[in-house]
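**Q** Here you go, this is run04.txt (compact mmCIF, C-alpha atoms).
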```txt
# COMPACT_ATOMS: atom_id res chain seq x y z
CA MET A 635 267.08 244.55 130.58
CA SER A 636 266.50 247.09 127.81
CA GLY A 637 267.35 246.62 124.16
CA LYS A 638 269.58 248.68 121.93
CA LYS A 639 268.10 251.75 120.32
CA ASN A 640 266.64 250.73 116.95
CA SER A 641 264.83 252.66 114.26
CA PRO A 642 261.06 252.85 114.84
CA VAL A 643 259.02 249.89 113.60
CA GLU A 644 255.38 250.00 112.56
CA TRP A 645 253.88 246.96 114.25
CA ALA A 646 251.12 245.27 112.25
CA TYR A 647 248.50 242.59 112.84
CA TYR A 648 246.89 239.70 110.99
CA ASP A 649 245.74 240.87 107.59
CA THR A 650 243.64 238.74 105.23
CA LYS A 651 245.18 240.66 102.31
CA CYS A 652 248.71 239.48 103.15
CA ASP A 653 250.26 236.36 101.66
CA VAL A 654 250.35 233.49 104.11
CA LEU A 655 252.32 230.25 104.06
CA GLU A 656 250.65 227.39 105.93
CA SER A 657 252.50 224.34 107.21
CA ARG A 658 251.97 221.65 109.82
CA ARG A 659 253.88 219.00 111.73
CA ASN A 660 252.31 218.30 115.11
CA LEU A 661 251.19 221.94 115.29
CA PRO A 662 249.70 224.25 112.63
CA HIS A 663 251.94 227.13 111.52
CA LEU A 664 251.24 230.34 109.59
CA ASP A 665 254.03 232.47 108.16
CA MET A 666 252.92 236.04 107.41
CA ASN A 667 255.68 238.59 106.92
CA GLY A 668 255.26 242.14 108.13
CA VAL A 669 252.95 241.23 111.04
CA LEU A 670 253.61 240.54 114.71
CA THR A 671 253.98 236.92 115.79
CA PHE A 672 254.14 235.48 119.30
CA VAL A 673 256.57 232.55 119.47
CA THR A 674 257.32 230.07 122.24
CA PHE A 675 260.12 227.52 122.13
CA ARG A 676 261.06 225.22 124.98
CA LEU A 677 263.68 222.80 126.23
CA ALA A 678 263.29 219.16 125.18
CA ASP A 679 262.66 217.97 128.76
CA SER A 680 260.34 220.81 129.78
CA MET A 681 257.10 218.82 129.45
CA PRO A 682 257.52 215.31 130.93
CA LYS A 683 255.12 212.59 129.81
CA GLN A 684 253.01 212.77 132.97
CA VAL A 685 252.59 216.54 132.56
CA VAL A 686 251.47 216.15 128.93
CA GLN A 687 248.97 213.50 130.08
CA ARG A 688 247.64 215.91 132.71
CA TRP A 689 247.27 218.62 130.06
CA HIS A 690 245.30 216.27 127.79
CA ALA A 691 243.08 215.36 130.75
CA GLU A 692 242.41 219.06 131.42
CA ILE A 693 241.34 219.55 127.82
CA GLU A 694 239.10 216.48 127.93
CA ASN A 695 237.49 217.85 131.09
CA TRP A 696 236.85 221.19 129.35
CA LEU A 697 235.22 219.44 126.40
CA GLN A 698 232.96 217.47 128.76
CA GLN A 699 231.97 220.58 130.71
CA ASN A 700 230.98 222.24 127.43
CA GLY A 701 228.90 219.31 126.15
CA LEU A 702 231.50 218.16 123.62
CA ASP A 703 232.32 214.77 125.15
CA ASP A 704 232.49 212.93 121.83
CA TRP A 705 234.53 215.59 120.02
CA SER A 706 238.26 215.86 119.57
CA VAL A 707 240.00 219.24 119.71
CA ASP A 708 240.58 219.20 115.94
CA GLN A 709 236.94 218.36 115.28
CA VAL A 710 235.77 221.30 117.39
CA LEU A 711 238.18 223.76 115.79
CA GLN A 712 237.46 222.63 112.22
CA SER A 713 233.70 222.18 112.39
CA PRO A 714 231.55 224.95 110.83
CA ALA A 715 228.76 223.85 113.19
CA VAL A 716 230.63 225.01 116.31
CA ASP A 717 230.17 228.63 117.38
CA PRO A 718 233.34 230.71 116.88
CA SER A 719 233.20 231.86 120.51
CA ILE A 720 233.47 228.21 121.66
CA LYS A 721 236.48 227.72 119.38
CA ARG A 722 238.16 230.82 120.83
CA GLU A 723 237.48 229.60 124.38
CA LEU A 724 238.95 226.19 123.61
CA ARG A 725 242.10 227.66 122.05
CA PHE A 726 242.53 230.00 125.01
CA HIS A 727 242.04 227.22 127.58
CA LYS A 728 244.35 224.83 125.72
CA ASN A 729 247.15 227.37 125.33
CA ARG A 730 246.75 228.84 128.83
CA ARG A 731 247.06 225.44 130.49
CA TRP A 732 250.05 224.50 128.30
CA HIS A 733 251.91 227.66 129.23
CA GLY A 734 250.89 227.22 132.85
CA HIS A 735 252.59 223.84 132.91
CA LEU A 736 255.69 225.38 131.32
CA ASP A 737 255.80 227.96 134.10
CA ASP A 738 255.98 225.14 136.65
CA CYS A 739 259.59 224.75 135.45
CA HIS A 740 259.80 221.02 134.84
CA GLY A 741 262.99 219.41 133.59
CA ASP A 742 266.64 220.33 133.97
CA CYS A 743 265.92 224.07 133.42
CA CYS A 744 269.45 224.80 132.19
CA LEU A 745 268.35 228.31 131.18
CA ARG A 746 268.54 229.30 134.84
CA ASP A 747 272.24 229.61 134.04
CA MET A 748 273.01 233.15 132.89
CA THR A 749 275.63 231.86 130.44
CA ALA A 750 272.98 229.82 128.65
CA ARG A 751 270.49 232.70 128.64
CA ASP A 752 273.11 235.05 127.19
CA VAL A 753 273.63 232.63 124.29
CA VAL A 754 269.89 232.60 123.56
CA ALA A 755 269.63 236.40 123.84
CA LYS A 756 272.56 236.95 121.46
CA SER A 757 271.13 234.40 119.03
CA LEU A 758 267.78 236.20 118.96
CA ARG A 759 269.32 239.65 118.59
CA PHE A 760 271.85 238.70 115.92
CA PHE A 761 269.51 239.38 112.96
CA ASP A 762 267.28 241.91 114.74
CA GLY A 763 266.68 244.80 112.34
CA GLU A 764 267.89 242.77 109.34
CA ARG A 765 265.68 239.71 108.95
CA TYR A 766 263.11 240.50 111.61
CA ASP A 767 262.30 243.11 114.24
CA LEU A 768 262.17 242.05 117.87
CA GLU A 769 259.58 243.71 120.11
CA ARG A 770 260.45 241.85 123.32
CA PHE A 771 261.39 238.46 124.68
CA VAL A 772 261.75 236.67 127.99
CA ILE A 773 264.07 233.73 128.62
CA MET A 774 262.67 231.54 131.38
CA PRO A 775 264.39 228.51 133.01
CA ASN A 776 262.93 226.05 130.49
CA HIS A 777 261.31 228.10 127.71
CA VAL A 778 261.42 231.36 125.75
CA HIS A 779 258.64 233.73 124.66
CA VAL A 780 259.27 236.16 121.79
CA LEU A 781 257.27 238.88 120.05
CA LEU A 782 258.74 239.62 116.62
CA GLN A 783 257.85 240.74 113.14
CA MET A 784 259.46 239.09 110.11
CA GLN A 785 260.77 241.23 107.26
CA ASP A 786 260.13 240.50 103.59
CA GLY A 787 262.18 237.70 102.08
CA PHE A 788 262.66 235.70 105.29
CA LEU A 789 260.63 232.85 106.74
CA LEU A 790 259.96 232.56 110.46
CA ARG A 791 260.43 228.80 110.32
CA ASN A 792 263.94 229.11 108.86
CA GLN A 793 265.03 231.80 111.31
CA LEU A 794 263.84 229.86 114.33
CA ARG A 795 265.70 226.80 113.07
CA GLU A 796 268.92 228.84 112.91
CA VAL A 797 268.40 230.26 116.41
CA LEU A 798 267.72 226.82 117.89
CA ARG A 799 270.61 225.12 116.10
CA PHE A 800 273.22 227.74 116.98
CA SER A 801 272.11 228.24 120.60
CA ALA A 802 271.93 224.47 121.24
CA ARG A 803 275.48 223.97 120.00
CA GLU A 804 276.85 226.88 122.03
CA ILE A 805 274.98 226.06 125.24
CA ASN A 806 276.02 222.42 125.11
CA ARG A 807 279.62 223.49 124.57
CA GLN A 808 279.69 226.12 127.30
CA LEU A 809 277.85 224.03 129.89
CA GLY A 810 279.64 220.80 129.01
CA ARG A 811 276.40 218.98 128.24
CA ARG A 812 275.42 216.64 125.40
CA GLY A 813 272.28 215.60 123.57
CA SER A 814 269.19 217.42 122.34
CA LEU A 815 268.54 220.78 123.95
CA TRP A 816 265.36 222.15 122.34
CA GLN A 817 262.02 220.59 121.57
CA SER A 818 262.06 220.72 117.78
CA GLU A 819 258.73 222.42 117.04
CA PRO A 820 258.11 225.94 118.38
CA PHE A 821 254.62 227.29 118.97
CA ASP A 822 253.68 230.43 117.01
CA HIS A 823 250.61 232.63 116.86
CA ILE A 824 250.00 235.66 114.63
CA VAL A 825 248.85 238.66 116.67
CA ARG A 826 245.30 239.57 115.67
CA SER A 827 244.71 243.02 117.17
CA PRO A 828 246.19 245.89 119.22
CA GLU A 829 244.37 244.49 122.25
CA GLN A 830 245.98 241.08 121.83
CA PHE A 831 249.37 242.75 121.29
CA GLU A 832 248.98 244.59 124.59
CA TYR A 833 247.91 241.39 126.36
CA LEU A 834 250.94 239.46 125.04
CA GLN A 835 253.32 242.27 126.01
CA GLY A 836 251.96 242.09 129.54
CA TYR A 837 252.07 238.29 129.52
CA ILE A 838 255.78 238.32 128.66
CA ASP A 839 256.54 241.02 131.21
CA ARG A 840 254.65 239.23 133.99
CA ASN A 841 255.82 235.72 133.16
CA PRO A 842 258.79 235.70 135.60
CA SER A 843 256.72 236.96 138.53
CA ASN A 844 253.87 234.56 137.71
CA ALA A 845 256.42 231.72 137.84
CA ARG A 846 257.81 233.13 141.11
CA LEU A 847 261.34 233.58 139.76
CA ASN A 848 263.99 235.83 141.22
CA GLU A 849 266.00 238.22 139.03
CA SER A 850 268.90 235.81 138.57
CA GLU A 851 266.67 233.17 136.92
CA PHE A 852 265.35 234.99 133.83
CA THR A 853 266.24 237.54 131.15
CA LEU A 854 263.71 240.09 129.90
CA TRP A 855 264.55 242.19 126.84
CA THR A 856 262.33 244.98 125.54
CA ARG A 857 262.75 247.27 122.56
CA GLU A 858 263.31 250.92 123.41
```
Any chance you could give the structure as structure tokens?

**A**
Amino acid sequence: MSGKKNSPVEWAYYDTKCDVLESRRNLPHLDMNGVLTFVTFRLADSMPKQVVQRWHAEIENWLQQNGLDDWSVDQVLQSPAVDPSIKRELRFHKNRRWHGHLDDCHGDCCLRDMTARDVVAKSLRFFDGERYDLERFVIMPNHVHVLLQMQDGFLLRNQLREVLRFSAREINRQLGRRGSLWQSEPFDHIVRSPEQFEYLQGYIDRNPSNARLNESEFTLWTRE
């Protein structure tokens, strides 16, 4: 599914000279306008308790295999004594396994319904070119991946809140469901380099086939 024709955008990457707003709930968040950010948000029931426990066990196993039995993830990532390459490996393993569990399509997976996916797609595209620039996104049965770049004067956190609030209300109304739809805290990662940008583009494009979905179960949008 191709996007509308938009004016060209100069995609940019993490820049130490740019202003950054740091925040944290359960996850750390960095807001940096004018640079690409990879965002994942998911349905509230997409990671059942037993799956989260399995994920934690996988991380504990990785720490043991790398001689870090007595360390927590935060201790490894924050310690100046740990080699940066080990920190990168841990982040990659942690995130890869998390997204792998998402691709197993746990939960109700109401985004298999095209009506629900259309609501999410329209919500994402509503301020495209005004508050942010979309590069691509994929709507999977129980989660969404987005590559976007915020424009000056707008915060990623606020825009995601609007997308989640509006889409939840509309999907619940159209599907006749009630209760919480989205997990309240999206995952976001500022793109660090052209190589990482290319990797994330491919990751989004391949996500449906990696999850063994047919064409009726996902929506892929790319900027022309």

**Q** Taking all atoms listed in the file into account, name the residue in A:Pro842, A:Gly787, A:Gly836, A:Pro820 that is nearest to Arg746 of chain A.

**A**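 Under the stated criterion, the closest residue is A:Pro842.
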
**Q** With segment 667-674 of chain A as the partner and 12 Å as the cut-off, tabulate the residues of segment 680-765 of chain A that qualify, each row holding the nearest pair of atoms and their distance in Å to one decimal, using all atoms listed in the file, sorted by chain and rising number, as JSON lines.

**A**
```
{"residue": "A:Asn729", "atom": "CA", "partner": "A:Thr674", "partner_atom": "CA", "distance": 11.0}
{"residue": "A:Trp732", "atom": "CA", "partner": "A:Thr674", "partner_atom": "CA", "distance": 11.0}
{"residue": "A:His733", "atom": "CA", "partner": "A:Thr674", "partner_atom": "CA", "distance": 9.2}
{"residue": "A:Leu736", "atom": "CA", "partner": "A:Thr674", "partner_atom": "CA", "distance": 10.3}
{"residue": "A:Leu758", "atom": "CA", "partner": "A:Val673", "partner_atom": "CA", "distance": 11.8}
{"residue": "A:Arg765", "atom": "CA", "partner": "A:Asn667", "partner_atom": "CA", "distance": 10.3}
```

**Q** Near segment 676-687 of chain A, counting only C-alpha atoms, which residues have an atom at most 9 Å away, once you skip same-chain residues fewer than 6 positions from it, shown as a PyMOL selection string?

**A** chain A and resi 732+735-736+739-745+775-779+814-820

**Q** Hey, what's within 12 Å of Arg846 of chain A if we count only C-alpha atoms and toss same-chain stuff fewer than 5 positions away? As a list in words, please?

**A** Asp737, Asp738, Cys739, Met774, Pro775, Arg840, Asn841, Glu851 and Phe852 of chain A

**Q** With C-alpha atoms retained, could you export that selection as a short mmCIF file (atom, residue, chain, number, x, y, z; two decimals), keeping the file's coordinate frame?

**A**
```cif
data_model
loop_
_atom_site.label_atom_id
_atom_site.label_comp_id
_atom_site.auth_asym_id
_atom_site.auth_seq_id
_atom_site.Cartn_x
_atom_site.Cartn_y
_atom_site.Cartn_z
CA ASP A 737 255.80 227.96 134.10
CA ASP A 738 255.98 225.14 136.65
CA CYS A 739 259.59 224.75 135.45
CA MET A 774 262.67 231.54 131.38
CA PRO A 775 264.39 228.51 133.01
CA ARG A 840 254.65 239.23 133.99
CA ASN A 841 255.82 235.72 133.16
CA GLU A 851 266.67 233.17 136.92
CA PHE A 852 265.35 234.99 133.83
#
```

**Q** Quick one: pull the distance between atom CA of Arg826 of chain A and atom CA of Tyr648 of chain A, Å, one decimal.

**A**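 It comes out at 4.9 Å.
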
**Q** Choose the residue, out of A:Ala715, A:Ala845, A:Leu724, A:Val825, that has the smallest atom-to-atom separation from Asn695 of chain A; count all atoms listed in the file.

**A**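 Of A:Ala715, A:Ala845, A:Leu724, A:Val825, the one nearest Asn695 of chain A, counting all atoms listed in the file, is A:Leu724.
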
**Q** Asp786 of chain A: which residues within 12 Å, counting all atoms listed in the file, same-chain residues fewer than 2 positions away excluded, as an MDAnalysis selection string?

**A** chainID A and resid 652:653 665:669 763:767 783:784 788:790

**Q** Which residue out of A:Glu723, A:Glu829, A:Asp747, A:Glu804 has the minimum interatomic distance to Ile773 of chain A when only C-alpha atoms are used?

**A**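 Closest residue, counting only C-alpha atoms: A:Asp747.
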
**Q** Which is closest to Arg751 of chain A among A:Pro718, A:Glu644, A:Gln698, A:Val772, if we use only C-alpha atoms?

**A**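 Answer, going by the shortest atom-to-atom distance: A:Val772.
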
**Q** Calculate how many Å separate atom CA of Arg799 of chain A from atom CA of Ile838 of chain A, rounding to one decimal.

**A**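 Between these atoms lies a distance of 23.5 Å.
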
**Q** Which residue is closest to Glu849 of chain A? Choose from A:Val643, A:Met748, A:Leu711, A:Leu768 and count all atoms listed in the file.

**A** A:Met748

**Q** Please report the interatomic distance between atom CA of Val753 of chain A and atom CA of Ser641 of chain A in Å with one decimal.

**A** 24.1 Å

**Q** Would you mind listing what lies within 12 Å of Asp839 of chain A as a PyMOL selection string, with all atoms listed in the file counted and same-chain residues fewer than 4 positions away left out?

**A** chain A and resi 635+769-774+779-781+832-835+843-845+852-856

**Q** Could you check which of A:Trp705, A:Tyr837, A:Phe675, A:Gly810 is closest to Leu798 of chain A, using only C-alpha atoms?

**A** A:Phe675

**Q** Dump segment 689-819 of chain A with C-alpha atoms to a file, as a PDB file, in the first residue's frame.

**A**
```
ATOM      1  CA  TRP A 689      11.186 -12.798  27.862  1.00  0.00           C
ATOM      2  CA  HIS A 690      12.726 -11.975  31.249  1.00  0.00           C
ATOM      3  CA  ALA A 691      14.082 -15.527  31.442  1.00  0.00           C
ATOM      4  CA  GLU A 692      15.687 -15.134  28.001  1.00  0.00           C
ATOM      5  CA  ILE A 693      17.416 -11.957  29.137  1.00  0.00           C
ATOM      6  CA  GLU A 694      18.610 -13.606  32.352  1.00  0.00           C
ATOM      7  CA  ASN A 695      20.021 -16.463  30.282  1.00  0.00           C
ATOM      8  CA  TRP A 696      21.880 -13.979  28.052  1.00  0.00           C
ATOM      9  CA  LEU A 697      23.380 -12.255  31.094  1.00  0.00           C
ATOM     10  CA  GLN A 698      24.552 -15.608  32.470  1.00  0.00           C
ATOM     11  CA  GLN A 699      26.090 -16.648  29.152  1.00  0.00           C
ATOM     12  CA  ASN A 700      28.026 -13.379  29.095  1.00  0.00           C
ATOM     13  CA  GLY A 701      29.337 -13.667  32.661  1.00  0.00           C
ATOM     14  CA  LEU A 702      26.951 -11.064  34.084  1.00  0.00           C
ATOM     15  CA  ASP A 703      24.946 -13.332  36.389  1.00  0.00           C
ATOM     16  CA  ASP A 704      24.776 -10.844  39.258  1.00  0.00           C
ATOM     17  CA  TRP A 705      23.927  -7.822  37.098  1.00  0.00           C
ATOM     18  CA  SER A 706      20.555  -6.378  36.218  1.00  0.00           C
ATOM     19  CA  VAL A 707      19.887  -4.994  32.741  1.00  0.00           C
ATOM     20  CA  ASP A 708      19.924  -1.411  34.060  1.00  0.00           C
ATOM     21  CA  GLN A 709      23.222  -2.004  35.852  1.00  0.00           C
ATOM     22  CA  VAL A 710      24.844  -3.288  32.664  1.00  0.00           C
ATOM     23  CA  LEU A 711      23.541  -0.436  30.527  1.00  0.00           C
ATOM     24  CA  GLN A 712      24.467   2.281  33.034  1.00  0.00           C
ATOM     25  CA  SER A 713      27.854   1.029  34.186  1.00  0.00           C
ATOM     26  CA  PRO A 714      30.937   2.792  32.739  1.00  0.00           C
ATOM     27  CA  ALA A 715      32.871  -0.421  33.449  1.00  0.00           C
ATOM     28  CA  VAL A 716      30.949  -2.427  30.829  1.00  0.00           C
ATOM     29  CA  ASP A 717      32.263  -2.370  27.270  1.00  0.00           C
ATOM     30  CA  PRO A 718      29.963  -0.441  24.891  1.00  0.00           C
ATOM     31  CA  SER A 719      29.849  -3.431  22.525  1.00  0.00           C
ATOM     32  CA  ILE A 720      28.345  -5.570  25.333  1.00  0.00           C
ATOM     33  CA  LYS A 721      25.730  -2.883  25.978  1.00  0.00           C
ATOM     34  CA  ARG A 722      24.823  -2.803  22.279  1.00  0.00           C
ATOM     35  CA  GLU A 723      24.535  -6.600  22.195  1.00  0.00           C
ATOM     36  CA  LEU A 724      22.276  -6.608  25.243  1.00  0.00           C
ATOM     37  CA  ARG A 725      19.987  -3.918  23.813  1.00  0.00           C
ATOM     38  CA  PHE A 726      19.789  -5.766  20.507  1.00  0.00           C
ATOM     39  CA  HIS A 727      19.030  -9.126  22.155  1.00  0.00           C
ATOM     40  CA  LYS A 728      16.453  -7.604  24.515  1.00  0.00           C
ATOM     41  CA  ASN A 729      14.617  -5.731  21.764  1.00  0.00           C
ATOM     42  CA  ARG A 730      14.864  -8.560  19.211  1.00  0.00           C
ATOM     43  CA  ARG A 731      13.308 -11.077  21.594  1.00  0.00           C
ATOM     44  CA  TRP A 732      10.570  -8.618  22.615  1.00  0.00           C
ATOM     45  CA  HIS A 733       9.590  -7.984  19.013  1.00  0.00           C
ATOM     46  CA  GLY A 734       9.840 -11.693  18.274  1.00  0.00           C
ATOM     47  CA  HIS A 735       7.239 -12.395  20.933  1.00  0.00           C
ATOM     48  CA  LEU A 736       5.024  -9.669  19.474  1.00  0.00           C
ATOM     49  CA  ASP A 737       5.230 -11.360  16.084  1.00  0.00           C
ATOM     50  CA  ASP A 738       3.827 -14.534  17.627  1.00  0.00           C
ATOM     51  CA  CYS A 739       0.502 -12.647  17.657  1.00  0.00           C
ATOM     52  CA  HIS A 740      -0.689 -13.228  21.202  1.00  0.00           C
ATOM     53  CA  GLY A 741      -3.967 -11.782  22.433  1.00  0.00           C
ATOM     54  CA  ASP A 742      -7.199 -10.912  20.675  1.00  0.00           C
ATOM     55  CA  CYS A 743      -5.346  -9.406  17.661  1.00  0.00           C
ATOM     56  CA  CYS A 744      -8.264  -7.155  16.698  1.00  0.00           C
ATOM     57  CA  LEU A 745      -6.030  -5.392  14.147  1.00  0.00           C
ATOM     58  CA  ARG A 746      -6.508  -8.371  11.847  1.00  0.00           C
ATOM     59  CA  ASP A 747      -9.787  -6.606  11.068  1.00  0.00           C
ATOM     60  CA  MET A 748      -9.289  -4.230   8.139  1.00  0.00           C
ATOM     61  CA  THR A 749     -11.748  -1.744   9.650  1.00  0.00           C
ATOM     62  CA  ALA A 750      -9.555  -1.429  12.731  1.00  0.00           C
ATOM     63  CA  ARG A 751      -6.367  -1.129  10.673  1.00  0.00           C
ATOM     64  CA  ASP A 752      -7.918   1.602   8.537  1.00  0.00           C
ATOM     65  CA  VAL A 753      -8.645   3.611  11.691  1.00  0.00           C
ATOM     66  CA  VAL A 754      -5.018   3.330  12.797  1.00  0.00           C
ATOM     67  CA  ALA A 755      -3.706   4.211   9.323  1.00  0.00           C
ATOM     68  CA  LYS A 756      -5.922   7.301   9.085  1.00  0.00           C
ATOM     69  CA  SER A 757      -4.934   8.347  12.606  1.00  0.00           C
ATOM     70  CA  LEU A 758      -1.240   8.134  11.730  1.00  0.00           C
ATOM     71  CA  ARG A 759      -1.621   9.964   8.423  1.00  0.00           C
ATOM     72  CA  PHE A 760      -3.854  12.746   9.733  1.00  0.00           C
ATOM     73  CA  PHE A 761      -0.975  15.064  10.731  1.00  0.00           C
ATOM     74  CA  ASP A 762       1.575  13.685   8.264  1.00  0.00           C
ATOM     75  CA  GLY A 763       3.372  16.639   6.692  1.00  0.00           C
ATOM     76  CA  GLU A 764       2.120  19.040   9.375  1.00  0.00           C
ATOM     77  CA  ARG A 765       3.368  17.859  12.764  1.00  0.00           C
ATOM     78  CA  TYR A 766       5.599  15.032  11.608  1.00  0.00           C
ATOM     79  CA  ASP A 767       6.702  13.261   8.449  1.00  0.00           C
ATOM     80  CA  LEU A 768       5.936   9.574   8.069  1.00  0.00           C
ATOM     81  CA  GLU A 769       8.503   7.399   6.300  1.00  0.00           C
ATOM     82  CA  ARG A 770       6.628   4.099   6.581  1.00  0.00           C
ATOM     83  CA  PHE A 771       4.532   2.014   8.933  1.00  0.00           C
ATOM     84  CA  VAL A 772       3.140  -1.492   9.229  1.00  0.00           C
ATOM     85  CA  ILE A 773      -0.009  -2.416  11.146  1.00  0.00           C
ATOM     86  CA  MET A 774       0.229  -5.990  12.388  1.00  0.00           C
ATOM     87  CA  PRO A 775      -2.532  -8.003  14.140  1.00  0.00           C
ATOM     88  CA  ASN A 776      -1.469  -6.856  17.614  1.00  0.00           C
ATOM     89  CA  HIS A 777       1.098  -4.073  17.162  1.00  0.00           C
ATOM     90  CA  VAL A 778       2.255  -1.219  14.927  1.00  0.00           C
ATOM     91  CA  HIS A 779       5.746  -0.172  13.801  1.00  0.00           C
ATOM     92  CA  VAL A 780       6.316   3.379  12.544  1.00  0.00           C
ATOM     93  CA  LEU A 781       9.282   5.330  11.173  1.00  0.00           C
ATOM     94  CA  LEU A 782       8.657   9.067  11.470  1.00  0.00           C
ATOM     95  CA  GLN A 783      10.387  12.383  11.956  1.00  0.00           C
ATOM     96  CA  MET A 784       8.866  15.033  14.233  1.00  0.00           C
ATOM     97  CA  GLN A 785       8.708  18.644  13.086  1.00  0.00           C
ATOM     98  CA  ASP A 786       9.689  21.607  15.254  1.00  0.00           C
ATOM     99  CA  GLY A 787       7.185  22.612  17.898  1.00  0.00           C
ATOM    100  CA  PHE A 788       5.629  19.172  18.398  1.00  0.00           C
ATOM    101  CA  LEU A 789       6.475  16.415  20.868  1.00  0.00           C
ATOM    102  CA  LEU A 790       6.431  12.756  19.881  1.00  0.00           C
ATOM    103  CA  ARG A 791       4.910  11.807  23.221  1.00  0.00           C
ATOM    104  CA  ASN A 792       1.926  14.132  22.732  1.00  0.00           C
ATOM    105  CA  GLN A 793       1.289  13.031  19.157  1.00  0.00           C
ATOM    106  CA  LEU A 794       1.369   9.351  20.036  1.00  0.00           C
ATOM    107  CA  ARG A 795      -1.074  10.001  22.857  1.00  0.00           C
ATOM    108  CA  GLU A 796      -3.493  11.606  20.388  1.00  0.00           C
ATOM    109  CA  VAL A 797      -3.151   8.736  17.903  1.00  0.00           C
ATOM    110  CA  LEU A 798      -3.750   6.112  20.595  1.00  0.00           C
ATOM    111  CA  ARG A 799      -6.682   7.940  22.186  1.00  0.00           C
ATOM    112  CA  PHE A 800      -8.519   8.628  18.921  1.00  0.00           C
ATOM    113  CA  SER A 801      -7.905   5.203  17.361  1.00  0.00           C
ATOM    114  CA  ALA A 802      -8.946   3.377  20.558  1.00  0.00           C
ATOM    115  CA  ARG A 803     -12.236   5.242  20.706  1.00  0.00           C
ATOM    116  CA  GLU A 804     -13.006   4.662  17.029  1.00  0.00           C
ATOM    117  CA  ILE A 805     -11.992   0.999  16.970  1.00  0.00           C
ATOM    118  CA  ASN A 806     -14.018   0.223  20.080  1.00  0.00           C
ATOM    119  CA  ARG A 807     -17.015   1.971  18.538  1.00  0.00           C
ATOM    120  CA  GLN A 808     -16.748   0.335  15.126  1.00  0.00           C
ATOM    121  CA  LEU A 809     -16.036  -3.166  16.436  1.00  0.00           C
ATOM    122  CA  GLY A 810     -18.525  -2.938  19.294  1.00  0.00           C
ATOM    123  CA  ARG A 811     -15.879  -3.636  21.926  1.00  0.00           C
ATOM    124  CA  ARG A 812     -15.186  -2.033  25.312  1.00  0.00           C
ATOM    125  CA  GLY A 813     -12.233  -1.489  27.608  1.00  0.00           C
ATOM    126  CA  SER A 814      -8.596  -0.566  27.098  1.00  0.00           C
ATOM    127  CA  LEU A 815      -7.257  -1.143  23.606  1.00  0.00           C
ATOM    128  CA  TRP A 816      -3.601  -0.033  23.662  1.00  0.00           C
ATOM    129  CA  GLN A 817      -0.786  -0.672  26.072  1.00  0.00           C
ATOM    130  CA  SER A 818      -0.181   2.841  27.368  1.00  0.00           C
ATOM    131  CA  GLU A 819       3.579   3.215  26.826  1.00  0.00           C
TER     132      GLU A 819
END
```
